[in-house]
Each structure stands twice: as structure tokens, then as C-alpha cells.
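I have placed the structure first, in the form of C-alpha cells, so that the comments after it can refer back to it.
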Amino acid sequence: MAIDPVCGMEVDERSTKDKSTYLGVAYFFCSKDCKEEFDAEPAEYVGDDRKTGT
């Protein structure tokens with residue numbers, strides 16, 4: 001199970017339709033709302049190592 005980076009909910013990455021890729025990493029979401037929030041400001045939801053791409 002993946003963790004929705006916006007709300008922290010567990011998400012089955014095999015069945016969710018709501019997913020995004022940021023800096024080459026796939027993120028999975030519990031809802032369209034969480035996906036849209038992430039897509040607007042992805043750097044706010046990932047660790048510092050992802051922000052720099054290292």
C-alpha cells in the first residue's frame with residue numbers, strides 16, 4: 001500500500017486512478033482532490049531530497 005502524501009491515507013496503488021509523477025517518482029492519492037492539491041505544489045508534500053532531485 002502507498003501513502004497519500006497529502007492526507008496520509010493508505011492507497012492501493014494497483015487500483016487508484018489518482019496518481020502523479022514528480023521528479024521521476026510516482027505518488028498515489030485517495031481522491032481527485034488530494035491529487036489536485038499535490039499537483040498544484042508538489043514540493044510541499046515531498047521530502048527535501050526530492051525537492052533538489054538528489
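Lettering and numbering for the C-alpha cells are positional, with chains as A, B, ... in the shown order, residues counted from 1 in each chain, and ligands counted from 1 in the shown order.
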**Asked** Could you pull the residues within 7 Å of stretch 16-22 of chain A, counting only C-alpha atoms, minus those fewer than 5 positions along the same chain, as a list of chain:residue names?
**Response**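 Close residues of stretch 16-22 of chain A: A:Tyr27, A:Phe28, A:Phe29, A:Cys30, A:Ser31, A:Lys32, A:Lys35.
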**Asked** Where in chain A does DSSP assign strand (DSSP E or B), given as number ranges by chain?
**Response** A: 2-3, 10-11, 19-22, 25-28
Can I get the selection written as a CSV table (one decimal), in the first residue's frame, with N, CA and C atoms?
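Saved as out02.csv:
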```csv
chain,number,residue,atom,x,y,z
A,2,ALA,N,0.4,2.2,-0.8
A,2,ALA,CA,1.1,3.5,-0.8
A,2,ALA,C,0.4,4.4,0.2
A,3,ILE,N,1.1,5.5,0.5
A,3,ILE,CA,0.6,6.5,1.4
A,3,ILE,C,0.3,7.8,0.6
A,10,GLU,N,-3.8,5.4,3.5
A,10,GLU,CA,-3.3,4.3,2.7
A,10,GLU,C,-4.1,4.2,1.4
A,11,VAL,N,-3.4,3.9,0.3
A,11,VAL,CA,-4.0,3.9,-1.0
A,11,VAL,C,-3.4,2.6,-1.7
A,19,LYS,N,-3.1,9.4,-9.6
A,19,LYS,CA,-1.7,9.3,-9.4
A,19,LYS,C,-1.0,10.4,-10.2
A,20,SER,N,0.2,10.8,-9.7
A,20,SER,CA,1.0,11.8,-10.4
A,20,SER,C,2.5,11.3,-10.3
A,21,THR,N,3.3,11.9,-11.1
A,21,THR,CA,4.7,11.7,-11.1
A,21,THR,C,5.4,13.0,-10.8
A,22,TYR,N,6.3,13.0,-9.9
A,22,TYR,CA,7.1,14.2,-9.6
A,22,TYR,C,8.6,13.8,-9.5
A,25,VAL,N,9.3,10.1,-9.6
A,25,VAL,CA,8.7,9.3,-8.5
A,25,VAL,C,7.2,9.3,-8.6
A,26,ALA,N,6.6,8.1,-8.6
A,26,ALA,CA,5.1,8.0,-8.7
A,26,ALA,C,4.5,8.2,-7.3
A,27,TYR,N,3.4,9.0,-7.2
A,27,TYR,CA,2.7,9.3,-6.0
A,27,TYR,C,1.2,8.9,-6.3
A,28,PHE,N,0.6,8.3,-5.3
A,28,PHE,CA,-0.8,7.8,-5.4
A,28,PHE,C,-1.7,8.5,-4.4
```
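Of note, atom CA of A:Gly47 and atom CA of A:Pro5 are spaced 10.2 Å apart.
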**Item:** Coordinates-based distance that separates atom CA of A:Glu13 from atom CA of A:Met1 (Å, one decimal)
**Value:**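 Between these atoms lies a distance of 6.4 Å.
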**Request:** Can you check which residues of chain A DSSP gives as alpha helix (DSSP H) on the backbone and send them as a PyMOL selection string?
**Result:** chain A and resi 32-40+48-52
Residues from the last selection, N, CA and C atoms, saved as a short mmCIF file (atom, residue, chain, number, x, y, z; two decimals), in the first residue's frame:
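Written out: result-v4.cif:
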```cif
data_model
loop_
_atom_site.label_atom_id
_atom_site.label_comp_id
_atom_site.auth_asym_id
_atom_site.auth_seq_id
_atom_site.Cartn_x
_atom_site.Cartn_y
_atom_site.Cartn_z
N LYS A 32 -9.37 12.59 -6.13
CA LYS A 32 -9.01 13.62 -7.10
C LYS A 32 -8.61 14.92 -6.40
N ASP A 33 -9.29 15.23 -5.29
CA ASP A 33 -8.98 16.45 -4.54
C ASP A 33 -7.54 16.44 -4.03
N CYS A 34 -7.11 15.32 -3.45
CA CYS A 34 -5.73 15.23 -2.95
C CYS A 34 -4.74 15.31 -4.11
N LYS A 35 -5.04 14.67 -5.23
CA LYS A 35 -4.16 14.73 -6.39
C LYS A 35 -4.02 16.16 -6.88
N GLU A 36 -5.12 16.88 -6.99
CA GLU A 36 -5.08 18.26 -7.47
C GLU A 36 -4.29 19.16 -6.51
N GLU A 37 -4.44 18.93 -5.21
CA GLU A 37 -3.69 19.71 -4.23
C GLU A 37 -2.19 19.45 -4.37
N PHE A 38 -1.82 18.19 -4.53
CA PHE A 38 -0.42 17.82 -4.73
C PHE A 38 0.11 18.43 -6.02
N ASP A 39 -0.63 18.30 -7.11
CA ASP A 39 -0.18 18.80 -8.41
C ASP A 39 0.06 20.30 -8.41
N ALA A 40 -0.67 21.03 -7.59
CA ALA A 40 -0.51 22.49 -7.52
C ALA A 40 0.82 22.87 -6.85
N ASP A 48 12.87 16.93 1.47
CA ASP A 48 13.87 17.85 0.93
C ASP A 48 14.73 17.21 -0.14
N ASP A 49 15.02 15.91 -0.03
CA ASP A 49 15.85 15.24 -1.04
C ASP A 49 15.15 15.21 -2.39
N ARG A 50 13.84 15.14 -2.40
CA ARG A 50 13.09 15.15 -3.66
C ARG A 50 13.04 16.55 -4.27
N LYS A 51 13.02 17.57 -3.44
CA LYS A 51 12.96 18.94 -3.95
C LYS A 51 14.20 19.29 -4.77
N THR A 52 15.35 18.76 -4.37
CA THR A 52 16.58 19.08 -5.08
C THR A 52 16.89 18.09 -6.18
#
```
